[in-house]
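Chemist: So here's data-v7.cif (mmCIF, C-alpha atoms and all ligand atoms).
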data_model
#
loop_
_atom_site.label_atom_id
_atom_site.label_comp_id
_atom_site.auth_asym_id
_atom_site.auth_seq_id
_atom_site.Cartn_x
_atom_site.Cartn_y
_atom_site.Cartn_z
CA MET C 566 116.83 105.51 165.79
CA LYS C 567 113.21 104.64 165.18
CA VAL C 568 111.58 101.29 164.74
CA ASP C 569 107.93 101.24 163.79
CA SER C 570 105.60 100.66 166.68
CA ILE C 571 103.62 97.46 166.46
CA LYS C 572 99.93 96.87 166.17
CA ASN C 573 99.52 93.40 167.66
CA GLY C 574 102.40 91.72 169.42
CA ILE C 575 104.86 91.82 172.26
CA VAL C 576 107.39 94.35 173.48
CA ILE C 577 110.02 93.03 175.86
CA ASP C 578 111.30 96.12 177.63
CA HIS C 579 113.93 96.96 180.25
CA ILE C 580 116.31 94.25 179.15
CA THR C 581 119.71 94.78 180.73
CA ALA C 582 121.90 96.30 178.00
CA GLY C 583 123.84 93.53 176.30
CA LYS C 584 121.43 90.73 177.21
CA GLY C 585 119.08 91.29 174.26
CA MET C 586 120.87 88.85 171.97
CA GLU C 587 120.87 86.09 174.59
CA ILE C 588 117.15 86.48 175.15
CA TYR C 589 116.56 86.65 171.40
CA SER C 590 118.09 83.22 170.92
CA LEU C 591 116.74 81.74 174.16
CA LEU C 592 113.18 82.49 173.08
CA GLY C 593 113.90 81.08 169.63
CA LEU C 594 112.93 84.35 167.93
CA ASP C 595 115.22 83.55 165.02
CA GLN C 596 112.68 80.85 164.09
CA LEU C 597 109.81 83.33 163.65
CA GLU C 598 108.47 84.41 160.25
CA CYS C 599 107.10 87.75 161.47
CA SER C 600 109.15 90.90 161.89
CA VAL C 601 111.21 91.00 165.05
CA ALA C 602 113.34 93.94 166.11
CA LEU C 603 116.19 93.75 168.58
CA ILE C 604 117.16 97.27 169.56
CA ARG C 605 120.33 97.57 171.57
CA ASN C 606 121.68 100.27 173.88
CA VAL C 607 118.56 102.40 173.99
CA PRO C 608 119.01 105.36 176.39
CA SER C 609 116.93 104.79 179.52
CA ARG C 610 116.32 107.12 182.43
CA LYS C 611 116.03 104.25 184.88
CA MET C 612 118.80 102.01 183.58
CA GLY C 613 121.17 104.28 181.66
CA LYS C 614 121.06 101.90 178.71
CA LYS C 615 118.72 99.05 177.90
CA ASP C 616 117.83 96.61 175.15
CA ILE C 617 114.32 96.18 173.73
CA ILE C 618 112.80 93.43 171.63
CA LYS C 619 109.66 93.99 169.55
CA ILE C 620 107.78 91.06 168.09
CA ASP C 621 105.14 91.87 165.51
CA ALA C 622 102.91 88.85 166.05
CA ASP C 623 100.40 87.59 168.55
CA ILE C 624 102.43 84.75 170.05
CA VAL C 625 102.94 83.32 173.51
CA ILE C 626 106.42 83.44 175.02
CA ASP C 627 107.84 81.59 177.99
CA THR C 628 108.23 84.36 180.56
CA ALA C 629 109.57 81.91 183.17
CA ILE C 630 112.83 81.69 181.26
CA LEU C 631 113.07 85.48 181.15
CA GLY C 632 112.77 85.63 184.93
CA PHE C 633 115.89 83.57 185.26
CA VAL C 634 118.02 85.37 182.66
CA ASP C 635 117.03 88.95 183.45
CA PRO C 636 114.43 89.36 186.19
CA ASP C 637 113.87 93.13 185.81
CA ILE C 638 112.37 92.75 182.35
CA THR C 639 108.83 93.89 181.61
CA VAL C 640 106.70 92.26 178.95
CA ASN C 641 104.03 94.39 177.25
CA ILE C 642 101.28 92.74 175.27
CA ILE C 643 100.02 95.01 172.48
CA LYS C 644 96.62 94.78 170.83
CA ASP C 645 95.30 97.38 168.37
CA ASN C 646 98.21 99.69 169.16
CA LYS C 647 97.46 99.65 172.89
CA ILE C 648 99.20 97.98 175.78
CA ILE C 649 96.57 95.60 177.12
CA ASP C 650 98.78 93.74 179.56
CA LYS C 651 102.02 94.62 181.33
CA LYS C 652 103.76 91.71 183.01
CA THR C 653 106.62 91.97 185.42
CA ILE C 654 108.58 88.81 185.71
CA GLU C 655 109.01 86.64 188.75
CA LEU C 656 111.78 84.16 189.30
CA PRO C 657 110.38 80.77 188.28
CA GLU C 658 110.34 78.01 190.91
CA LYS C 659 111.53 75.50 188.34
CA LEU C 660 113.58 75.64 185.13
CA VAL C 661 113.07 72.73 182.78
CA ASP C 662 115.63 72.24 180.00
CA VAL C 663 116.99 75.77 180.24
CA LEU C 664 120.29 75.02 181.96
CA LYS C 665 122.49 71.97 182.03
CA CYS C 666 124.18 70.68 185.15
CA LYS C 667 127.97 71.06 185.14
CA ASN C 668 128.67 68.39 187.74
CA PRO C 669 130.39 65.47 185.96
CA ARG C 670 129.08 63.08 188.62
CA CYS C 671 125.44 64.09 188.04
CA ILE C 672 123.00 61.53 186.63
CA SER C 673 121.78 64.15 184.15
CA MET C 674 125.14 63.82 182.37
CA THR C 675 124.55 60.20 181.36
CA GLU C 676 120.86 59.34 181.59
CA GLN C 677 119.22 59.54 178.15
CA GLU C 678 116.18 61.72 177.65
CA LEU C 679 116.21 63.04 181.20
CA SER C 680 114.91 66.61 181.55
CA HIS C 681 117.44 69.02 182.98
CA ILE C 682 115.60 70.47 185.95
CA PHE C 683 116.74 73.23 188.29
CA THR C 684 114.76 74.47 191.27
CA LEU C 685 114.90 77.84 193.00
CA ALA C 686 116.81 77.28 196.25
CA ASP C 687 117.26 80.88 197.40
CA ARG C 688 115.01 83.59 195.95
CA GLU C 689 116.87 86.46 197.59
CA ASN C 690 120.20 85.52 196.06
CA ARG C 691 118.69 84.01 192.90
CA VAL C 692 120.27 80.63 193.48
CA TYR C 693 119.12 77.64 191.48
CA ARG C 694 120.21 74.09 192.20
CA CYS C 695 120.11 70.96 190.08
CA LEU C 696 117.16 68.77 191.10
CA TYR C 697 119.29 65.64 190.94
CA CYS C 698 122.61 66.52 192.53
CA GLU C 699 121.87 69.94 194.11
CA THR C 700 124.85 71.58 192.41
CA LYS C 701 124.46 75.35 192.16
CA ALA C 702 123.71 76.73 188.70
CA LYS C 703 126.36 79.10 187.44
CA MET G 547 103.60 55.55 197.64
CA ARG G 548 106.69 57.17 199.04
CA SER G 549 110.41 56.88 198.61
CA LEU G 550 113.33 58.10 200.70
CA ILE G 551 116.00 59.93 198.71
CA ASP G 552 117.10 62.67 201.13
CA ILE G 553 116.93 62.57 204.94
CA LEU G 554 115.09 65.91 205.02
CA GLU G 555 112.09 64.32 203.32
CA LEU G 556 111.30 62.91 206.76
CA SER G 557 109.69 65.35 209.18
CA THR G 558 110.85 65.30 212.79
CA LYS G 559 107.55 63.62 213.64
CA GLU G 560 108.16 60.83 211.10
CA LEU G 561 111.68 60.46 212.42
CA ASP G 562 110.29 60.03 215.93
CA GLU G 563 107.93 57.35 214.63
CA LEU G 564 110.78 55.48 212.93
CA ILE G 565 112.79 55.63 216.13
CA SER G 566 109.90 54.24 218.20
CA THR G 567 109.43 51.44 215.67
CA ALA G 568 113.16 50.63 215.80
CA ASP G 569 113.08 50.68 219.62
CA ASP G 570 110.12 48.30 219.54
CA ILE G 571 111.89 45.98 217.07
CA ILE G 572 114.87 45.85 219.42
CA GLU G 573 112.57 44.99 222.36
CA ASN G 574 110.29 42.53 220.53
CA PRO G 575 112.03 41.14 217.45
CA GLN G 576 109.66 38.14 217.22
CA LYS G 577 106.70 40.49 216.73
CA TYR G 578 108.28 41.64 213.44
CA ALA G 579 109.59 38.31 212.15
CA HIS G 580 106.74 37.83 209.65
CA LYS G 581 105.71 41.40 208.88
CA CYS G 582 107.07 41.19 205.34
CA ASP G 583 106.23 37.57 204.50
CA GLY G 584 105.93 37.24 200.75
CA LYS G 585 107.49 40.64 200.03
CA LYS G 586 110.66 41.18 198.03
CA LEU G 587 113.36 43.82 198.39
CA ALA G 588 115.51 44.46 195.31
CA THR G 589 119.02 45.65 196.17
CA LEU G 590 120.35 47.38 193.05
CA PHE G 591 123.97 48.16 193.75
CA PHE G 592 125.54 49.80 190.71
CA GLU G 593 128.71 50.17 192.73
CA PRO G 594 129.81 47.75 195.41
CA SER G 595 129.15 48.51 199.07
CA THR G 596 129.00 45.19 200.83
CA ARG G 597 128.35 46.73 204.22
CA THR G 598 125.28 48.72 203.20
CA ARG G 599 123.90 45.95 201.01
CA LEU G 600 124.18 43.35 203.77
CA SER G 601 122.49 45.69 206.20
CA PHE G 602 119.50 46.07 203.86
CA GLU G 603 119.37 42.34 203.15
CA ALA G 604 119.60 41.39 206.83
CA ALA G 605 116.85 43.93 207.57
CA MET G 606 114.51 42.41 205.00
CA TYR G 607 115.22 38.82 206.09
CA GLU G 608 114.53 39.70 209.72
CA LEU G 609 111.14 41.00 208.63
CA GLY G 610 110.38 37.67 206.96
CA GLY G 611 110.85 39.01 203.44
CA ASN G 612 113.08 37.97 200.56
CA VAL G 613 115.84 39.69 198.64
CA ILE G 614 116.75 39.82 194.97
CA GLY G 615 119.31 42.04 193.24
CA PHE G 616 122.85 42.56 192.06
CA SER G 617 125.93 44.10 193.56
CA GLU G 618 127.92 45.48 190.67
CA ALA G 619 127.07 47.28 187.48
CA GLN G 620 128.98 44.79 185.29
CA SER G 621 126.48 42.05 186.03
CA SER G 622 123.47 44.26 185.35
CA SER G 623 121.70 45.66 182.34
CA ALA G 624 123.37 49.02 183.04
CA SER G 625 126.46 47.59 181.36
CA LYS G 626 124.31 47.17 178.27
CA GLY G 627 123.40 50.83 178.43
CA GLU G 628 119.95 50.63 179.99
CA SER G 629 118.78 53.87 181.57
CA VAL G 630 118.11 54.20 185.29
CA ALA G 631 114.50 55.06 184.42
CA ASP G 632 114.00 51.80 182.50
CA THR G 633 115.74 49.73 185.16
CA ALA G 634 113.37 51.18 187.77
CA LYS G 635 110.30 50.37 185.67
CA VAL G 636 111.46 46.81 185.04
CA ILE G 637 112.45 46.05 188.64
CA SER G 638 109.09 47.42 189.83
CA CYS G 639 107.54 44.37 188.14
CA TYR G 640 109.59 42.00 190.31
CA ALA G 641 110.01 43.66 193.71
CA ASP G 642 107.86 45.43 196.31
CA ILE G 643 110.59 47.89 197.28
CA ILE G 644 113.98 48.93 195.91
CA ALA G 645 117.22 49.93 197.65
CA MET G 646 119.55 51.56 195.13
CA ARG G 647 123.21 52.48 195.33
CA HIS G 648 124.63 54.31 192.34
CA PRO G 649 127.85 56.21 191.62
CA LYS G 650 125.94 59.02 189.86
CA GLU G 651 124.43 61.72 192.04
CA GLY G 652 120.65 61.84 191.71
CA ALA G 653 120.27 58.35 190.18
CA PRO G 654 117.99 57.06 192.98
CA LEU G 655 115.79 60.15 192.54
CA VAL G 656 115.45 59.37 188.85
CA ALA G 657 114.60 55.78 189.81
CA SER G 658 111.91 56.96 192.24
CA MET G 659 110.39 59.17 189.54
CA ASN G 660 109.94 56.09 187.34
CA ALA G 661 109.39 53.16 189.70
CA THR G 662 105.93 52.05 190.77
CA VAL G 663 107.29 50.81 194.10
CA PRO G 664 109.12 52.76 196.86
CA VAL G 665 112.82 53.50 196.29
CA ILE G 666 115.35 53.92 199.08
CA ASN G 667 118.56 55.79 198.31
CA ALA G 668 121.36 53.54 199.56
CA GLY G 669 124.00 56.13 198.61
CA ASP G 670 124.41 58.19 195.42
CA GLY G 671 128.06 59.10 194.92
CA GLY G 672 129.17 61.82 197.30
CA HIS G 673 125.65 63.20 197.54
CA ASN G 674 123.12 61.56 199.90
CA HIS G 675 123.05 58.50 202.10
CA PRO G 676 119.93 58.88 204.24
CA THR G 677 119.95 55.43 205.85
CA GLN G 678 123.41 56.13 207.28
CA THR G 679 121.95 59.24 208.87
CA LEU G 680 119.07 57.15 210.24
CA ALA G 681 121.66 54.85 211.87
CA ASP G 682 123.45 57.89 213.33
CA LEU G 683 120.21 59.33 214.67
CA LEU G 684 119.03 56.12 216.33
CA THR G 685 122.44 55.77 217.97
CA ILE G 686 122.28 59.30 219.33
CA HIS G 687 118.71 58.79 220.52
CA ARG G 688 119.44 55.49 222.28
CA GLU G 689 122.57 56.84 223.92
CA LYS G 690 121.21 60.25 224.91
CA GLY G 691 117.44 59.83 224.89
CA ARG G 692 116.99 63.14 223.09
CA PHE G 693 117.93 65.27 220.07
CA ASN G 694 117.72 68.67 221.75
CA ASN G 695 120.20 70.26 224.15
CA LEU G 696 123.21 68.51 222.67
CA THR G 697 126.74 69.63 221.93
CA VAL G 698 127.82 67.66 218.88
CA GLY G 699 131.46 67.49 217.80
CA LEU G 700 132.17 66.55 214.19
CA CYS G 701 135.78 65.65 213.55
CA GLY G 702 137.94 64.94 210.52
CA ASP G 703 136.95 65.56 206.92
CA LEU G 704 134.05 67.99 207.14
CA LYS G 705 134.49 69.23 203.59
CA PHE G 706 133.74 66.09 201.59
CA GLY G 707 132.07 64.02 204.31
CA ARG G 708 128.50 63.62 203.12
CA THR G 709 127.49 61.84 206.34
CA VAL G 710 128.51 64.94 208.27
CA HIS G 711 126.43 67.26 206.08
CA SER G 712 123.33 65.07 206.36
CA LEU G 713 123.68 64.67 210.11
CA ILE G 714 123.97 68.44 210.53
CA ALA G 715 120.90 68.95 208.33
CA ALA G 716 118.89 66.50 210.42
CA LEU G 717 120.01 67.72 213.86
CA ARG G 718 119.82 71.46 213.27
CA ARG G 719 116.04 71.17 213.28
CA TYR G 720 116.09 70.54 217.05
CA GLU G 721 116.27 73.03 219.92
CA ASN G 722 119.56 74.08 221.41
CA VAL G 723 121.89 71.91 219.39
CA LYS G 724 125.43 73.26 219.22
CA PHE G 725 127.99 72.02 216.68
CA ILE G 726 131.74 72.01 217.25
CA LEU G 727 133.47 71.55 213.92
CA ILE G 728 136.91 70.02 214.38
CA SER G 729 139.04 69.74 211.24
CA PRO G 730 142.24 70.84 209.55
CA ALA G 731 141.85 74.16 207.72
CA GLU G 732 141.96 72.28 204.42
CA LEU G 733 138.92 70.17 205.26
CA LYS G 734 136.59 72.70 206.89
CA LEU G 735 132.83 72.53 206.50
CA PRO G 736 131.81 74.17 203.18
CA ASP G 737 130.69 77.79 203.38
CA TYR G 738 127.18 77.10 202.14
CA VAL G 739 126.54 74.72 205.05
CA LYS G 740 127.89 77.26 207.54
CA GLU G 741 125.80 80.02 205.98
CA SER G 742 122.68 77.93 206.41
CA LEU G 743 123.53 77.46 210.09
CA THR G 744 124.14 81.18 210.61
CA LYS G 745 120.90 82.02 208.86
CA ASP G 746 118.92 79.78 211.23
CA ASN G 747 120.83 80.99 214.31
CA VAL G 748 122.31 77.57 214.96
CA ASP G 749 125.28 77.78 217.26
CA PHE G 750 128.59 76.48 215.89
CA VAL G 751 132.32 76.97 216.37
CA GLU G 752 135.25 75.86 214.27
CA THR G 753 138.48 74.59 215.72
CA THR G 754 141.52 72.57 214.72
CA ASN G 755 142.09 71.21 218.21
CA LEU G 756 140.34 67.96 219.11
CA GLU G 757 141.86 67.67 222.59
CA GLU G 758 140.63 71.11 223.55
CA ALA G 759 137.14 70.67 222.11
CA ILE G 760 136.47 67.20 223.47
CA LYS G 761 135.68 68.41 227.02
CA GLU G 762 132.42 70.00 225.97
CA LEU G 763 130.99 67.26 223.82
CA ASP G 764 127.94 65.04 224.32
CA ILE G 765 128.53 63.38 220.96
CA LEU G 766 131.79 62.96 219.04
CA TYR G 767 131.27 62.01 215.39
CA MET G 768 134.56 60.90 213.87
CA THR G 769 135.22 60.63 210.13
CA ARG G 770 138.09 59.48 208.00
CA VAL G 771 140.76 61.94 206.86
CA GLN G 772 141.63 60.52 203.47
CA ARG G 773 145.08 60.75 201.97
CA GLU G 774 143.73 61.63 198.51
CA ARG G 775 142.13 64.82 199.87
CA PHE G 776 145.52 66.42 200.43
CA PHE G 777 147.70 68.29 198.01
CA ASN G 778 150.87 66.72 199.26
CA GLU G 779 152.05 63.82 201.34
CA GLU G 780 153.83 65.95 203.98
CA GLU G 781 150.68 67.86 204.74
CA TYR G 782 148.74 64.64 205.11
CA LEU G 783 151.32 63.13 207.44
CA ARG G 784 151.48 66.32 209.50
CA LEU G 785 147.73 66.47 209.96
CA LYS G 786 146.46 62.94 210.10
CA ASP G 787 147.60 62.17 213.62
CA SER G 788 145.94 65.21 215.15
CA TYR G 789 142.61 63.72 214.22
CA ILE G 790 143.16 60.26 215.58
CA LEU G 791 141.19 59.45 218.70
CA THR G 792 143.37 57.80 221.33
CA PRO G 793 142.77 56.91 225.01
CA GLU G 794 144.97 59.92 225.97
CA LYS G 795 142.72 62.34 224.08
CA LEU G 796 139.68 60.83 225.79
CA VAL G 797 140.93 61.68 229.28
CA ASN G 798 139.20 65.05 229.32
CA ALA G 799 135.97 63.88 227.69
CA LYS G 800 132.68 63.56 229.55
CA LYS G 801 132.03 60.16 231.08
CA ASP G 802 128.90 59.70 229.00
CA MET G 803 130.08 61.15 225.69
CA ALA G 804 129.06 58.92 222.76
CA ILE G 805 131.65 58.22 220.04
CA LEU G 806 130.20 57.58 216.59
CA HIS G 807 131.82 56.77 213.26
CA PRO G 808 130.11 55.83 209.98
CA LEU G 809 132.77 53.11 209.36
CA PRO G 810 134.85 51.75 207.81
CA ARG G 811 137.60 53.27 209.91
CA VAL G 812 141.21 53.21 208.89
CA ASN G 813 143.21 54.45 211.85
CA GLU G 814 141.29 57.48 213.07
CA ILE G 815 139.98 55.67 216.14
CA SER G 816 142.55 53.66 218.03
CA VAL G 817 141.41 50.06 218.66
CA ALA G 818 142.35 50.66 222.29
CA ILE G 819 139.09 52.59 222.56
CA ASP G 820 136.85 49.82 221.25
CA ASN G 821 136.14 48.48 224.72
CA ASP G 822 135.49 51.90 226.25
CA PRO G 823 131.77 52.18 227.12
CA ARG G 824 131.67 55.44 225.16
CA ALA G 825 132.53 53.69 221.88
CA CYS G 826 129.24 53.30 219.97
CA TYR G 827 130.40 52.70 216.41
CA PHE G 828 129.69 48.98 216.33
CA LYS G 829 126.30 49.46 217.98
CA GLN G 830 125.71 52.09 215.31
CA VAL G 831 126.04 49.37 212.63
CA LEU G 832 123.43 47.26 214.42
CA TYR G 833 121.12 50.25 214.84
CA GLY G 834 121.48 50.92 211.12
CA LYS G 835 119.87 47.55 210.43
CA TYR G 836 116.97 48.28 212.82
CA MET G 837 116.35 51.67 211.23
CA ARG G 838 116.34 50.07 207.78
CA MET G 839 113.75 47.59 209.08
CA ALA G 840 111.62 50.43 210.44
CA LEU G 841 111.98 52.31 207.15
CA ILE G 842 111.00 49.30 205.02
CA LEU G 843 107.88 48.82 207.18
CA LYS G 844 106.99 52.49 206.83
CA LEU G 845 107.46 52.64 203.07
CA LEU G 846 105.59 49.35 202.51
CA GLU G 847 102.86 50.66 204.81
CA VAL G 848 102.92 47.46 206.84
CA GLU G 849 101.01 47.81 210.10
ZN ZN C 901 123.17 67.87 188.63
#
Would you encode the structure as structure tokens?
Ligand SMILES: [Zn+2]
Modeler:
Amino acid sequence: MKVDSIKNGIVIDHITAGKGMEIYSLLGLDQLECSVALIRNVPSRKMGKKDIIKIDADIVIDTAILGFVDPDITVNIIKDNKIIDKKTIELPEKLVDVLKCKNPRCISMTEQELSHIFTLADRENRVYRCLYCETKAK
Amino acid sequence: MRSLIDILELSTKELDELISTADDIIENPQKYAHKCDGKKLATLFFEPSTRTRLSFEAAMYELGGNVIGFSEAQSSSASKGESVADTAKVISCYADIIAMRHPKEGAPLVASMNATVPVINAGDGGHNHPTQTLADLLTIHREKGRFNNLTVGLCGDLKFGRTVHSLIAALRRYENVKFILISPAELKLPDYVKESLTKDNVDFVETTNLEEAIKELDILYMTRVQRERFFNEEEYLRLKDSYILTPEKLVNAKKDMAILHPLPRVNEISVAIDNDPRACYFKQVLYGKYMRMALILKLLEVE
């Protein structure tokens, strides 16, 4: 299968196979006017299979969220058919309004207009905890 | 401007300073009688806890200050649906410092993020209760004169007991502290707390036998084993008595072991022990008030 290469835009590569759709909606790509390609189950030497997303527009995406969902992703920024920047993703220290706390006794369940904040508690094991009640994110 | 939401927000140095202030208050109460003249503490108790509220109020009065507040959510604007954030902003206009108790975990943190005066967490559900830990720490320090080189026994409900988790978090920062965790299998310390101890090479052992463990202890911290924590009544009845401290069980304990309990107790410490010089749980209540005084002074930056 072949999808046209892009001139100016973003290629999100090395997405764990099957996670492409989740990232597609998490980044709100369904809201974009430009052409966006989600390519699933692409053969990969390194990963066996991977997903790729190509966005044909010069936009800024929130890479912090990607770090949480699928930390081995690479993000390539394309300008005039060339890769001008290749970002590997780090686990973000803080996730704001990405996850919701599942603890029924947590203040974030009832307080109106409170941001849902999770902080990185253990980088090695990728553990995030709710800022308010310290419950582990699932 | 600072608040106190979690005991670990205090460094060991700050803890030492609070303890010296509390020691000085105990020695020279008159010196502190007007330190907070003209200042107001707001006690916002969204769930009742008479004991903790009175301790805060007594602390503020003994510093010469005044107290305003409420002691149940029904009488407050929370019953009209006001957010914690708004309550904190409004109360900041009336008081110089806030002590908040709330059934929701994290509510005092939200208050501190919105208040323009210091907020003290006076207990947020089953989560944190840092001023209880301050009371525990002052008791240990006054009885033992140190935080290092201690063998600390924690007995009863180690699974849900938030006071146990906070005390462990505070004490594990010191040298050569060993924990003996005494509980029924059903109420063992959660794995994540044990993992954190292992990771930091803190010495601990788990046992179900209080009588056996008691010989080694410098401190025995008792907690309540609550009926509602058990799956069935038989199990509760079978286990509850093994974690009751009686004069017989004390026979093998060190002569200077200190017995602590966050109170209220139900039956886990026999009243026959109350007059034993090792029983510290009523002193602990008094020390709690002195630590709250020291904390209020610190957060109000009163010299
Ligand atoms: Zn939470």
Chemist: With all atoms listed in the file considered, list every residue of chain C at most 12 Å from chain G, as a ChimeraX atom specification.
Modeler: /C:666,668-682,686-687,692,695-701
Chemist: Given the selection you just returned, output its residues as a file containing C-alpha atoms, formatted as a PDB file, keeping the file's coordinate frame.
Modeler:
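again.pdb written:
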ATOM      1  CA  CYS C 666     124.180  70.680 185.150  1.00  0.00           C
ATOM      2  CA  ASN C 668     128.670  68.390 187.740  1.00  0.00           C
ATOM      3  CA  PRO C 669     130.390  65.470 185.960  1.00  0.00           C
ATOM      4  CA  ARG C 670     129.080  63.080 188.620  1.00  0.00           C
ATOM      5  CA  CYS C 671     125.440  64.090 188.040  1.00  0.00           C
ATOM      6  CA  ILE C 672     123.000  61.530 186.630  1.00  0.00           C
ATOM      7  CA  SER C 673     121.780  64.150 184.150  1.00  0.00           C
ATOM      8  CA  MET C 674     125.140  63.820 182.370  1.00  0.00           C
ATOM      9  CA  THR C 675     124.550  60.200 181.360  1.00  0.00           C
ATOM     10  CA  GLU C 676     120.860  59.340 181.590  1.00  0.00           C
ATOM     11  CA  GLN C 677     119.220  59.540 178.150  1.00  0.00           C
ATOM     12  CA  GLU C 678     116.180  61.720 177.650  1.00  0.00           C
ATOM     13  CA  LEU C 679     116.210  63.040 181.200  1.00  0.00           C
ATOM     14  CA  SER C 680     114.910  66.610 181.550  1.00  0.00           C
ATOM     15  CA  HIS C 681     117.440  69.020 182.980  1.00  0.00           C
ATOM     16  CA  ILE C 682     115.600  70.470 185.950  1.00  0.00           C
ATOM     17  CA  ALA C 686     116.810  77.280 196.250  1.00  0.00           C
ATOM     18  CA  ASP C 687     117.260  80.880 197.400  1.00  0.00           C
ATOM     19  CA  VAL C 692     120.270  80.630 193.480  1.00  0.00           C
ATOM     20  CA  CYS C 695     120.110  70.960 190.080  1.00  0.00           C
ATOM     21  CA  LEU C 696     117.160  68.770 191.100  1.00  0.00           C
ATOM     22  CA  TYR C 697     119.290  65.640 190.940  1.00  0.00           C
ATOM     23  CA  CYS C 698     122.610  66.520 192.530  1.00  0.00           C
ATOM     24  CA  GLU C 699     121.870  69.940 194.110  1.00  0.00           C
ATOM     25  CA  THR C 700     124.850  71.580 192.410  1.00  0.00           C
ATOM     26  CA  LYS C 701     124.460  75.350 192.160  1.00  0.00           C
TER      27      LYS C 701
END
Chemist: Give me the stretch 605-703 of chain C side of the contact with stretch 590-599 of chain C, cut-off 10 Å, one line per residue showing its nearest atom pair and distance in Å at one decimal, counting all atoms listed in the file, sorted by chain and residue number, as a tab-separated table.
Modeler:
residue	atom	partner	partner_atom	distance
C:Ile618	CA	C:Leu594	CA	9.8
C:Ile620	CA	C:Cys599	CA	7.4
C:Asp621	CA	C:Cys599	CA	6.1
C:Ala622	CA	C:Cys599	CA	6.3
C:Asp623	CA	C:Cys599	CA	9.7
C:Ile624	CA	C:Leu597	CA	9.9
C:Ile626	CA	C:Leu592	CA	7.1
C:Asp627	CA	C:Leu592	CA	7.3
C:Thr628	CA	C:Leu592	CA	9.2
C:Ile630	CA	C:Leu591	CA	8.1
C:Leu631	CA	C:Leu592	CA	8.6
C:Val634	CA	C:Leu591	CA	9.3
C:Val663	CA	C:Leu591	CA	8.5
Chemist: So the first atom is atom CA of G:Glu618 and the second is atom CA of G:Pro664; what is the distance between them in Å, to one decimal place?
Modeler: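 According to the coordinates, atom CA of G:Glu618 and atom CA of G:Pro664 are separated by 21.1 Å.
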Chemist: Using only C-alpha atoms, pick whichever of G:Leu733, G:Leu841, G:Ile790, G:Ala804 has the shortest atom-to-atom distance to G:Val817.
Modeler: G:Ile790
Chemist: Can you pull out every residue within 12 Å of stretch 605-614 of chain C, counting only C-alpha atoms, but drop anything in the same chain fewer than 3 positions away, and send it as a list in words?
Modeler: Met566, Lys567, Val568, Asp578, His579, Ile580, Thr581, Ala582, Gly583, Lys584, Gly585, Met586, Glu587, Tyr589, Ala602, Ile617, Ile618, Lys619, Asp637 and Ile638 of chain C
Chemist: Selection from above, C-alpha atoms, as a short mmCIF file (atom, residue, chain, number, x, y, z; two decimals), in the frame of the given file, can you write it?
Modeler:
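Written out: part-v4.cif:
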data_model
loop_
_atom_site.label_atom_id
_atom_site.label_comp_id
_atom_site.auth_asym_id
_atom_site.auth_seq_id
_atom_site.Cartn_x
_atom_site.Cartn_y
_atom_site.Cartn_z
CA MET C 566 116.83 105.51 165.79
CA LYS C 567 113.21 104.64 165.18
CA VAL C 568 111.58 101.29 164.74
CA ASP C 578 111.30 96.12 177.63
CA HIS C 579 113.93 96.96 180.25
CA ILE C 580 116.31 94.25 179.15
CA THR C 581 119.71 94.78 180.73
CA ALA C 582 121.90 96.30 178.00
CA GLY C 583 123.84 93.53 176.30
CA LYS C 584 121.43 90.73 177.21
CA GLY C 585 119.08 91.29 174.26
CA MET C 586 120.87 88.85 171.97
CA GLU C 587 120.87 86.09 174.59
CA TYR C 589 116.56 86.65 171.40
CA ALA C 602 113.34 93.94 166.11
CA ILE C 617 114.32 96.18 173.73
CA ILE C 618 112.80 93.43 171.63
CA LYS C 619 109.66 93.99 169.55
CA ASP C 637 113.87 93.13 185.81
CA ILE C 638 112.37 92.75 182.35
#
Chemist: Separation of atom CA of G:Leu609 and atom CA of G:Asn574, in Å?
Modeler: 12.0 Å
Chemist: Near G:Thr697, counting only C-alpha atoms, which residues have an atom at most 12 Å away, once you skip same-chain residues fewer than 3 positions from it, shown as a ChimeraX atom specification?
Modeler: /G:686,690,692-694,700,714,717-718,720-727,748-751,759-767,800,803-804
Chemist: Would you save the residues from that selection as a short mmCIF file (atom, residue, chain, number, x, y, z; two decimals), in the frame of the given file, using C-alpha atoms?
Modeler:
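Output below, filename selection_37.cif:
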data_model
loop_
_atom_site.label_atom_id
_atom_site.label_comp_id
_atom_site.auth_asym_id
_atom_site.auth_seq_id
_atom_site.Cartn_x
_atom_site.Cartn_y
_atom_site.Cartn_z
CA ILE G 686 122.28 59.30 219.33
CA LYS G 690 121.21 60.25 224.91
CA ARG G 692 116.99 63.14 223.09
CA PHE G 693 117.93 65.27 220.07
CA ASN G 694 117.72 68.67 221.75
CA LEU G 700 132.17 66.55 214.19
CA ILE G 714 123.97 68.44 210.53
CA LEU G 717 120.01 67.72 213.86
CA ARG G 718 119.82 71.46 213.27
CA TYR G 720 116.09 70.54 217.05
CA GLU G 721 116.27 73.03 219.92
CA ASN G 722 119.56 74.08 221.41
CA VAL G 723 121.89 71.91 219.39
CA LYS G 724 125.43 73.26 219.22
CA PHE G 725 127.99 72.02 216.68
CA ILE G 726 131.74 72.01 217.25
CA LEU G 727 133.47 71.55 213.92
CA VAL G 748 122.31 77.57 214.96
CA ASP G 749 125.28 77.78 217.26
CA PHE G 750 128.59 76.48 215.89
CA VAL G 751 132.32 76.97 216.37
CA ALA G 759 137.14 70.67 222.11
CA ILE G 760 136.47 67.20 223.47
CA LYS G 761 135.68 68.41 227.02
CA GLU G 762 132.42 70.00 225.97
CA LEU G 763 130.99 67.26 223.82
CA ASP G 764 127.94 65.04 224.32
CA ILE G 765 128.53 63.38 220.96
CA LEU G 766 131.79 62.96 219.04
CA TYR G 767 131.27 62.01 215.39
CA LYS G 800 132.68 63.56 229.55
CA MET G 803 130.08 61.15 225.69
CA ALA G 804 129.06 58.92 222.76
#
